[in-house]
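Engineer: Take this structure, written in structure tokens, and hold onto it; I'll ask about it next.
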Amino acid sequence: MELETSRGNDQCVGISARELAKVYPNGTKALGGVSFDIPVGTIAGYLGPNGAGKTTTIHILSTVQKPTHGEARVCGFDVVRDRGRVRECVGLATQDICLDWLVSVRANVEFFGQMFGKTRREVRLESSRLLAEFELDGKRADSAWSLSGGQKRRLQLVIALMKHPRVLFADEPSLGLDPLAKRVLHNALVGVASSGTTIMYASNDMTDLERLCQSVIFLRRGQRVGAGSTQSFVQQHGGGTSITVECNAPIRQELLADLTEQWGVEVVGKSPLRWIETRDQISYPSIAKWLIEYGVELRDIQVRRPTLEDAFLRLVEETEE
Amino acid sequence: MRTVGLVVRDFRRLWESRGLLIMTFIQPIAYLLIFAVMFAEQFDAIELGGRSIPYLVFIIPGLIALQSYQAFHTQLSLSSGDRRWGILLMITIAGVRSSEYVFGQVAARSILAAIQSCLVVAVGLALVGGAGGYVVNSLRIILAASAWIASTVFWACLGLLIGVRLLSERKRDVLWALFNLPVMFTSSVFYDVGAGPFPIRLASQVNPLTHCANAMRSALLLDVQDAVIPVVVLLGLAAVVALAACLVVRSTPLHRQAGA
């Protein structure tokens, strides 16, 4: 799935940004003209090194800050001109946890629920469901301050989801979560997205993003340097599949030449034998069979497909150059 | 609904922090008892408006005025916390308007200060042992209540508009330390500031707490006409500061700016 970059059907686009830029009064250039579209009901990963402009983008899209240039629409509403309408339809889970530390989990949920305009009954019903889903129902009476880091982050998401937002901005929501808590979070977010909520998920946890997001947008120094479906993004920037063949004896030089000629591979290491494969239609068993017929005693073959982390690191290196 | 939510939140904070709850209601009584027991023994009476008024009778309206001033410190801390902890950000994104936030906070402060003042009145009258020379009628009560409400609105809004602009706890504490004593002791809460030295008398004229205490005493003890001007001054100040608070909350950056 290729990420939309041209203005298509507005009803299908949950979040749309065009040349979005932000320069702070002290001259710090946080965003330098970022454009993207995120389809309704999908989870889009927003990744980039620290200070790339991820939080600034989320702040602009959720009307916390105004852009200095460009335009953005959330649920079809302009984030500057229709600020009130945008606020009605967005949920925000910020990187810095925003809770009332002086009161209990229950009081936090009830307070923010009321601020979202919900009745006490709606708040009670909704909070019961969400606190149970995020495994916080046993913590209702505990002070927000006494929760662990992961629990605080989950509580913030409970609060953001209580609003039933059409668009959810989650800034590093899995920071400090253990694998079990991450699974709970992922399941909940997939459920939310399947009900039509568009989710913008800013994170540097590549495993999370790869597992969860249909598309990714890569940001570097305030510029979009890559975007697309997660799979195509990894294929495009991940640097190919690494095949490592461990043999019982050293590889002879003529084998390397024949391997290149016969299979068109470019060997990057001899001991162990290693090459990078960027072609889709390649049969590793056929190459292995060919090697055995050539008289090579194979001990192990490792096929490592590129990950989002590989793509991230390569893009960072490329843009550094 | 949202305003009610803001008020409820403040009372839940008190309820869930029992120490704070106890302190909130003990403090005004403690003030009263200290002044009643210690100072009332030292001073026979205070000459005011041609009347000789027992110190205990004199101090009670002052302590009621003082409860309105306590709204300043409470609101300074709470609004500073609301900004630092991102609560202001979250409720703004939730669609809460600046005027709703200000109104909710002022309502919470006023209800709390009213309860504290009622405690002062109840314990004070018990100590005085009757009406104590207070003159009460509808007009006097309306004037005293107007002064007290205007004063509470003024102090709560002032605390709020400074609080939302302060990200640093240290700055907030320094400000409070510099602010508190001069305000309390250049006011006529504890003594007749008119009998004090010229600089104190001058400072008291620009101190809203003086106007509140004077209005309360004039309305409840002295010539009711003398209460009118302080009440008008306080109402004017409250309106200006409440408007300023709404504007300040509205223009306050919700995020921590890069490099800030």
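In the structure tokens, each chain is lettered A, B, ... as it comes, each chain's residues begin at 1, and ligands are numbered from 1 in order of appearance.
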With chain B as the partner and 7 Å as the cut-off, tabulate the residues of chain A that qualify, each row holding the nearest pair of atoms and their distance in Å to one decimal, using only C-alpha atoms, sorted by chain and rising number, as CSV.
Structural biologist:
```
residue,atom,partner,partner_atom,distance
A:Val64,CA,B:Leu254,CA,6.1
A:Gly84,CA,B:Gly95,CA,6.8
A:Arg87,CA,B:Ile93,CA,5.4
A:Glu88,CA,B:Gly95,CA,6.7
A:Cys98,CA,B:Gly86,CA,4.8
A:Leu99,CA,B:Ile87,CA,6.4
A:Asp100,CA,B:Ile87,CA,6.8
A:Leu102,CA,B:Arg13,CA,6.1
A:Val103,CA,B:Arg13,CA,5.6
A:Phe111,CA,B:Gly5,CA,6.0
A:Gln114,CA,B:Gly5,CA,5.9
A:Met115,CA,B:Arg2,CA,5.3
A:Phe116,CA,B:Ala94,CA,5.3
A:Gly117,CA,B:Arg2,CA,6.7
```
Engineer: Can I get the selected residues back with N, CA and C atoms, as an mmCIF file, in the first residue's frame?
Structural biologist:
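Writing done, so here's out-v4.cif:
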```
data_model
loop_
_atom_site.group_PDB
_atom_site.id
_atom_site.type_symbol
_atom_site.label_atom_id
_atom_site.label_comp_id
_atom_site.auth_asym_id
_atom_site.auth_seq_id
_atom_site.Cartn_x
_atom_site.Cartn_y
_atom_site.Cartn_z
ATOM 1 N N VAL A 64 -2.450 21.890 19.255
ATOM 2 C CA VAL A 64 -1.721 22.406 20.417
ATOM 3 C C VAL A 64 -0.862 23.596 19.981
ATOM 4 N N GLY A 84 -11.758 24.309 16.650
ATOM 5 C CA GLY A 84 -12.757 23.723 17.549
ATOM 6 C C GLY A 84 -13.290 22.395 17.033
ATOM 7 N N ARG A 87 -10.695 19.710 17.457
ATOM 8 C CA ARG A 87 -10.601 19.276 18.857
ATOM 9 C C ARG A 87 -11.718 18.308 19.233
ATOM 10 N N GLU A 88 -12.868 18.482 18.569
ATOM 11 C CA GLU A 88 -13.986 17.570 18.862
ATOM 12 C C GLU A 88 -13.682 16.140 18.433
ATOM 13 N N CYS A 98 0.271 13.283 30.726
ATOM 14 C CA CYS A 98 -0.557 14.361 31.266
ATOM 15 C C CYS A 98 -1.642 13.767 32.161
ATOM 16 N N LEU A 99 -1.415 13.769 33.447
ATOM 17 C CA LEU A 99 -2.387 13.260 34.404
ATOM 18 C C LEU A 99 -2.431 14.201 35.602
ATOM 19 N N ASP A 100 -3.510 14.104 36.359
ATOM 20 C CA ASP A 100 -3.578 14.837 37.616
ATOM 21 C C ASP A 100 -2.950 13.936 38.681
ATOM 22 N N LEU A 102 -2.394 14.369 41.711
ATOM 23 C CA LEU A 102 -2.857 14.507 43.094
ATOM 24 C C LEU A 102 -4.057 13.623 43.397
ATOM 25 N N VAL A 103 -4.619 12.998 42.367
ATOM 26 C CA VAL A 103 -5.830 12.199 42.615
ATOM 27 C C VAL A 103 -5.679 10.768 42.086
ATOM 28 N N PHE A 111 -12.674 12.758 35.738
ATOM 29 C CA PHE A 111 -12.466 14.181 35.445
ATOM 30 C C PHE A 111 -12.328 14.412 33.946
ATOM 31 N N GLN A 114 -15.498 13.863 32.002
ATOM 32 C CA GLN A 114 -16.411 15.014 32.081
ATOM 33 C C GLN A 114 -15.932 16.158 31.195
ATOM 34 N N MET A 115 -14.614 16.332 31.131
ATOM 35 C CA MET A 115 -14.081 17.389 30.271
ATOM 36 C C MET A 115 -14.367 17.096 28.793
ATOM 37 N N PHE A 116 -14.499 15.810 28.449
ATOM 38 C CA PHE A 116 -14.846 15.445 27.068
ATOM 39 C C PHE A 116 -16.343 15.618 26.818
ATOM 40 N N GLY A 117 -17.068 16.064 27.844
ATOM 41 C CA GLY A 117 -18.499 16.319 27.677
ATOM 42 C C GLY A 117 -19.365 15.097 27.907
#
```
Engineer: Considering only C-alpha atoms, return as a ChimeraX atom specification whatever protein or nucleic-acid residues lie within 8 Å of Ser174 of chain A, sequence-local ones (same chain, fewer than 3 positions apart) excluded.
Structural biologist: /A:150,153,177,182,185,203,205
Engineer: From the set B:Ala126, B:Gly49, B:Ala114, B:Val241, which residue has the shortest atom-to-atom contact distance to Ala36 of chain B, counting only C-alpha atoms?
Structural biologist: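 Nearest candidate to Ala36 of chain B out of B:Ala126, B:Gly49, B:Ala114, B:Val241: B:Ala126.
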Engineer: In Å, how far is it from atom CA of Gly176 of chain A to atom CA of Gly149 of chain A?
Structural biologist: 6.2 Å
Engineer: Name the residues of segment 18-254 of chain B that come out as strand (DSSP E) in a backbone DSSP run; write them as a list in words.
Structural biologist: Ala45, Ile46, Glu47, Leu48, Arg51, Ser52, Ile53 and Pro54 of chain B
Engineer: Take the selection from the previous step and output its residues with all heavy atoms, as a JSON list (two decimals), in the first residue's frame.
Structural biologist:
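Listing of result.json after writing:
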```json
[["chain", "number", "residue", "atom", "x", "y", "z"],
["B", 45, "ALA", "N", -9.07, 46.90, 73.21],
["B", 45, "ALA", "CA", -10.06, 47.21, 72.19],
["B", 45, "ALA", "C", -9.40, 48.07, 71.12],
["B", 45, "ALA", "O", -8.32, 48.63, 71.34],
["B", 45, "ALA", "CB", -11.23, 47.96, 72.80],
["B", 46, "ILE", "N", -10.04, 48.15, 69.99],
["B", 46, "ILE", "CA", -9.52, 48.97, 68.89],
["B", 46, "ILE", "C", -10.52, 50.08, 68.62],
["B", 46, "ILE", "O", -11.72, 49.83, 68.54],
["B", 46, "ILE", "CB", -9.28, 48.09, 67.64],
["B", 46, "ILE", "CG1", -8.05, 47.22, 67.91],
["B", 46, "ILE", "CG2", -9.14, 48.91, 66.38],
["B", 46, "ILE", "CD1", -7.45, 46.54, 66.72],
["B", 47, "GLU", "N", -9.98, 51.31, 68.53],
["B", 47, "GLU", "CA", -10.85, 52.46, 68.25],
["B", 47, "GLU", "C", -11.02, 52.56, 66.75],
["B", 47, "GLU", "O", -10.04, 52.72, 66.01],
["B", 47, "GLU", "CB", -10.22, 53.76, 68.78],
["B", 47, "GLU", "CG", -10.08, 53.81, 70.29],
["B", 47, "GLU", "CD", -11.43, 53.77, 71.00],
["B", 47, "GLU", "OE1", -12.40, 54.39, 70.49],
["B", 47, "GLU", "OE2", -11.51, 53.10, 72.05],
["B", 48, "LEU", "N", -12.25, 52.42, 66.28],
["B", 48, "LEU", "CA", -12.48, 52.43, 64.84],
["B", 48, "LEU", "C", -13.83, 53.08, 64.56],
["B", 48, "LEU", "O", -14.84, 52.68, 65.15],
["B", 48, "LEU", "CB", -12.48, 50.98, 64.32],
["B", 48, "LEU", "CG", -12.28, 50.79, 62.83],
["B", 48, "LEU", "CD1", -10.88, 51.22, 62.39],
["B", 48, "LEU", "CD2", -12.49, 49.32, 62.47],
["B", 51, "ARG", "N", -15.92, 54.09, 67.40],
["B", 51, "ARG", "CA", -16.39, 53.03, 68.30],
["B", 51, "ARG", "C", -15.20, 52.29, 68.89],
["B", 51, "ARG", "O", -14.15, 52.18, 68.27],
["B", 51, "ARG", "CB", -17.23, 52.00, 67.54],
["B", 51, "ARG", "CG", -18.67, 52.39, 67.35],
["B", 51, "ARG", "CD", -19.44, 51.26, 66.70],
["B", 51, "ARG", "NE", -19.46, 50.05, 67.53],
["B", 51, "ARG", "CZ", -19.94, 48.88, 67.12],
["B", 51, "ARG", "NH1", -20.42, 48.77, 65.89],
["B", 51, "ARG", "NH2", -19.94, 47.84, 67.91],
["B", 52, "SER", "N", -15.39, 51.81, 70.09],
["B", 52, "SER", "CA", -14.37, 50.98, 70.71],
["B", 52, "SER", "C", -14.79, 49.52, 70.51],
["B", 52, "SER", "O", -15.82, 49.09, 71.03],
["B", 52, "SER", "CB", -14.27, 51.32, 72.20],
["B", 52, "SER", "OG", -13.31, 50.49, 72.80],
["B", 53, "ILE", "N", -13.98, 48.79, 69.72],
["B", 53, "ILE", "CA", -14.38, 47.43, 69.33],
["B", 53, "ILE", "C", -13.42, 46.43, 69.94],
["B", 53, "ILE", "O", -12.20, 46.56, 69.78],
["B", 53, "ILE", "CB", -14.37, 47.31, 67.80],
["B", 53, "ILE", "CG1", -15.35, 48.32, 67.19],
["B", 53, "ILE", "CG2", -14.71, 45.90, 67.33],
["B", 53, "ILE", "CD1", -15.23, 48.49, 65.71],
["B", 54, "PRO", "N", -13.94, 45.42, 70.66],
["B", 54, "PRO", "CA", -13.06, 44.38, 71.20],
["B", 54, "PRO", "C", -12.25, 43.73, 70.06],
["B", 54, "PRO", "O", -12.77, 43.55, 68.95],
["B", 54, "PRO", "CB", -14.02, 43.37, 71.83],
["B", 54, "PRO", "CG", -15.28, 44.12, 72.04],
["B", 54, "PRO", "CD", -15.35, 45.17, 70.98]]
```
Engineer: Which neighbours of Gly50 of chain B fall inside 12 Å, counting only C-alpha atoms, when residues of the same chain fewer than 4 positions from it are skipped, and could you give them as a list in words?
Structural biologist: Ile46, Leu221, Leu222 and Asp223 of chain B
Engineer: May I have the selected residues written with N, CA, C and O atoms, as a tab-separated table (two decimals), in the first residue's frame?
Structural biologist:
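The result, written out as result-v1.tsv:
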```
chain	number	residue	atom	x	y	z
B	46	ILE	N	-10.04	48.15	69.99
B	46	ILE	CA	-9.52	48.97	68.89
B	46	ILE	C	-10.52	50.08	68.62
B	46	ILE	O	-11.72	49.83	68.54
B	221	LEU	N	-20.00	46.13	61.12
B	221	LEU	CA	-19.78	46.75	62.43
B	221	LEU	C	-20.03	48.25	62.45
B	221	LEU	O	-20.47	48.80	63.45
B	222	LEU	N	-19.70	48.94	61.33
B	222	LEU	CA	-19.65	50.41	61.34
B	222	LEU	C	-20.73	51.00	60.44
B	222	LEU	O	-21.76	50.38	60.22
B	223	ASP	N	-20.41	52.17	59.90
B	223	ASP	CA	-21.36	52.85	59.01
B	223	ASP	C	-21.39	52.11	57.67
B	223	ASP	O	-20.37	52.02	56.98
```
Engineer: In Å, rounded to a single decimal, give me how far atom CA of Ile159 of chain A is from atom CA of Ile199 of chain A.
Structural biologist: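 Here the two named atoms are 15.2 Å from each other.
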Engineer: Could you list, as a list in words, every residue within 6 Å of segment 207-213 of chain B, counting only C-alpha atoms and ignoring same-chain residues fewer than 6 positions away?
Structural biologist: Gly62, Ala65, Ala147, Ser187, Ser188, Val189 and Pro230 of chain B
Engineer: Near His59 of chain A, counting only C-alpha atoms, which residues have an atom at most 12 Å away, once you skip same-chain residues fewer than 5 positions from it, shown as a PyMOL selection string?
Structural biologist: (chain A and resi 20-22+30-31+53-54+64-67+72+79-80+87+90-95+169-171+200+202) or (chain B and resi 89-90+93+253-257)
Engineer: Determine, counting only C-alpha atoms, which protein, DNA and RNA residues have an atom within 7 Å of an atom of Glu71 of chain A; residues of the same chain fewer than 3 positions away are not included. Present the result as a short mmCIF file (atom, residue, chain, number, x, y, z; two decimals) with N, CA and C atoms, in the first residue's frame.
Structural biologist:
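Contents of the output file around09.cif:
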```cif
data_model
loop_
_atom_site.label_atom_id
_atom_site.label_comp_id
_atom_site.auth_asym_id
_atom_site.auth_seq_id
_atom_site.Cartn_x
_atom_site.Cartn_y
_atom_site.Cartn_z
N ALA A 17 -1.54 16.45 5.50
CA ALA A 17 -0.64 17.58 5.74
C ALA A 17 -0.02 18.00 4.42
N ARG A 18 0.08 19.31 4.22
CA ARG A 18 0.71 19.84 3.00
C ARG A 18 1.74 20.89 3.37
N GLU A 19 2.97 20.58 3.09
CA GLU A 19 4.08 21.55 3.30
C GLU A 19 4.05 22.13 4.71
N LEU A 20 3.77 21.28 5.66
CA LEU A 20 3.63 21.73 7.04
C LEU A 20 5.00 22.13 7.60
#
```
Engineer: Find the residues near segment 243-247 of chain B: any atom within 9 Å, counting only C-alpha atoms, skip ones fewer than 5 places away on the same chain, and give them as a ChimeraX atom specification.
Structural biologist: /B:97-102,157-158,160-162,238,252
Engineer: Limited to all heavy atoms, could you put the picked residues into a file as an mmCIF file, in the first residue's frame?
Structural biologist:
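The resulting again17.cif:
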```
data_model
loop_
_atom_site.group_PDB
_atom_site.id
_atom_site.type_symbol
_atom_site.label_atom_id
_atom_site.label_comp_id
_atom_site.auth_asym_id
_atom_site.auth_seq_id
_atom_site.Cartn_x
_atom_site.Cartn_y
_atom_site.Cartn_z
ATOM 1 N N ARG B 97 -13.278 25.766 27.151
ATOM 2 C CA ARG B 97 -12.905 27.142 26.836
ATOM 3 C C ARG B 97 -12.192 27.784 28.018
ATOM 4 O O ARG B 97 -12.386 27.354 29.169
ATOM 5 C CB ARG B 97 -14.151 27.963 26.473
ATOM 6 C CG ARG B 97 -14.781 27.531 25.150
ATOM 7 C CD ARG B 97 -15.826 28.542 24.708
ATOM 8 N NE ARG B 97 -16.899 28.662 25.676
ATOM 9 C CZ ARG B 97 -17.996 27.924 25.684
ATOM 10 N NH1 ARG B 97 -18.170 27.010 24.759
ATOM 11 N NH2 ARG B 97 -18.927 28.089 26.605
ATOM 12 N N SER B 98 -11.403 28.817 27.734
ATOM 13 C CA SER B 98 -10.647 29.477 28.803
ATOM 14 C C SER B 98 -11.591 30.031 29.867
ATOM 15 O O SER B 98 -11.315 29.944 31.067
ATOM 16 C CB SER B 98 -9.755 30.584 28.229
ATOM 17 O OG SER B 98 -10.529 31.495 27.500
ATOM 18 N N SER B 99 -12.737 30.566 29.431
ATOM 19 C CA SER B 99 -13.686 31.134 30.399
ATOM 20 C C SER B 99 -14.268 30.033 31.292
ATOM 21 O O SER B 99 -14.498 30.245 32.484
ATOM 22 C CB SER B 99 -14.809 31.884 29.672
ATOM 23 O OG SER B 99 -15.433 31.022 28.746
ATOM 24 N N GLU B 100 -14.475 28.840 30.726
ATOM 25 C CA GLU B 100 -14.992 27.718 31.528
ATOM 26 C C GLU B 100 -13.965 27.304 32.575
ATOM 27 O O GLU B 100 -14.307 27.019 33.724
ATOM 28 C CB GLU B 100 -15.296 26.507 30.628
ATOM 29 C CG GLU B 100 -16.554 26.647 29.814
ATOM 30 C CD GLU B 100 -16.777 25.433 28.920
ATOM 31 O OE1 GLU B 100 -15.896 25.133 28.084
ATOM 32 O OE2 GLU B 100 -17.817 24.796 29.052
ATOM 33 N N TYR B 101 -12.713 27.264 32.157
ATOM 34 C CA TYR B 101 -11.650 26.888 33.089
ATOM 35 C C TYR B 101 -11.576 27.907 34.231
ATOM 36 O O TYR B 101 -11.558 27.541 35.405
ATOM 37 C CB TYR B 101 -10.310 26.805 32.348
ATOM 38 C CG TYR B 101 -9.123 26.537 33.239
ATOM 39 C CD1 TYR B 101 -8.931 25.286 33.823
ATOM 40 C CD2 TYR B 101 -8.196 27.529 33.515
ATOM 41 C CE1 TYR B 101 -7.855 25.028 34.648
ATOM 42 C CE2 TYR B 101 -7.104 27.282 34.333
ATOM 43 C CZ TYR B 101 -6.941 26.033 34.899
ATOM 44 O OH TYR B 101 -5.870 25.788 35.725
ATOM 45 N N VAL B 102 -11.573 29.200 33.860
ATOM 46 C CA VAL B 102 -11.480 30.253 34.879
ATOM 47 C C VAL B 102 -12.690 30.181 35.812
ATOM 48 O O VAL B 102 -12.553 30.200 37.039
ATOM 49 C CB VAL B 102 -11.364 31.657 34.217
ATOM 50 C CG1 VAL B 102 -11.478 32.765 35.258
ATOM 51 C CG2 VAL B 102 -10.045 31.779 33.465
ATOM 52 N N CYS B 157 -8.388 34.676 40.515
ATOM 53 C CA CYS B 157 -8.014 34.957 39.120
ATOM 54 C C CYS B 157 -6.568 35.421 39.012
ATOM 55 O O CYS B 157 -5.862 35.071 38.062
ATOM 56 C CB CYS B 157 -8.946 35.998 38.504
ATOM 57 S SG CYS B 157 -10.582 35.344 38.187
ATOM 58 N N LEU B 158 -6.124 36.211 40.013
ATOM 59 C CA LEU B 158 -4.731 36.654 39.992
ATOM 60 C C LEU B 158 -3.793 35.446 40.131
ATOM 61 O O LEU B 158 -2.805 35.319 39.401
ATOM 62 C CB LEU B 158 -4.483 37.656 41.127
ATOM 63 C CG LEU B 158 -3.136 38.370 41.092
ATOM 64 C CD1 LEU B 158 -3.022 39.276 39.869
ATOM 65 C CD2 LEU B 158 -2.922 39.199 42.359
ATOM 66 N N LEU B 160 -4.473 32.432 39.340
ATOM 67 C CA LEU B 160 -4.619 31.615 38.123
ATOM 68 C C LEU B 160 -3.792 32.188 36.974
ATOM 69 O O LEU B 160 -3.041 31.457 36.317
ATOM 70 C CB LEU B 160 -6.093 31.550 37.758
ATOM 71 C CG LEU B 160 -6.507 30.621 36.620
ATOM 72 C CD1 LEU B 160 -7.907 30.090 36.864
ATOM 73 C CD2 LEU B 160 -6.452 31.293 35.281
ATOM 74 N N LEU B 161 -3.900 33.486 36.770
ATOM 75 C CA LEU B 161 -3.211 34.042 35.594
ATOM 76 C C LEU B 161 -1.696 34.037 35.770
ATOM 77 O O LEU B 161 -0.945 33.920 34.797
ATOM 78 C CB LEU B 161 -3.761 35.418 35.196
ATOM 79 C CG LEU B 161 -3.471 36.672 35.988
ATOM 80 C CD1 LEU B 161 -2.171 37.310 35.549
ATOM 81 C CD2 LEU B 161 -4.598 37.666 35.755
ATOM 82 N N ILE B 162 -1.231 34.148 37.008
ATOM 83 C CA ILE B 162 0.217 34.027 37.232
ATOM 84 C C ILE B 162 0.610 32.549 37.154
ATOM 85 O O ILE B 162 1.614 32.191 36.544
ATOM 86 C CB ILE B 162 0.622 34.628 38.599
ATOM 87 C CG1 ILE B 162 0.334 36.130 38.623
ATOM 88 C CG2 ILE B 162 2.117 34.401 38.869
ATOM 89 C CD1 ILE B 162 0.508 36.781 39.993
ATOM 90 N N ALA B 238 -12.049 42.847 40.415
ATOM 91 C CA ALA B 238 -12.379 41.447 40.118
ATOM 92 C C ALA B 238 -12.730 41.281 38.646
ATOM 93 O O ALA B 238 -12.273 40.320 37.988
ATOM 94 C CB ALA B 238 -13.536 40.987 40.996
ATOM 95 N N THR B 252 -2.012 31.308 26.552
ATOM 96 C CA THR B 252 -0.885 30.562 27.128
ATOM 97 C C THR B 252 -0.495 29.396 26.221
ATOM 98 O O THR B 252 -1.357 28.609 25.838
ATOM 99 C CB THR B 252 -1.275 30.020 28.529
ATOM 100 O OG1 THR B 252 -1.490 31.125 29.390
ATOM 101 C CG2 THR B 252 -0.184 29.142 29.110
#
```
Engineer: Just checking: using only C-alpha atoms, which residue out of B:Ser251, B:Thr186, B:Ser204, B:Ser80 ends up closest to Glu169 of chain B?
Structural biologist: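 That would be B:Ser80, the residue with the smallest distance to Glu169 of chain B.
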Engineer: As a ChimeraX atom specification, please: all residues of segment 113-223 of chain B that backbone DSSP puts in alpha helix (DSSP H).
Structural biologist: /B:113-128,138-163,169-185,198-205,208-220
Engineer: So how far away is atom CA of Gln75 of chain B from atom CA of Leu20 of chain B, in Å?
Structural biologist: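 Value for the atom CA of Leu20 of chain B-atom CA of Gln75 of chain B distance: 14.3 Å.
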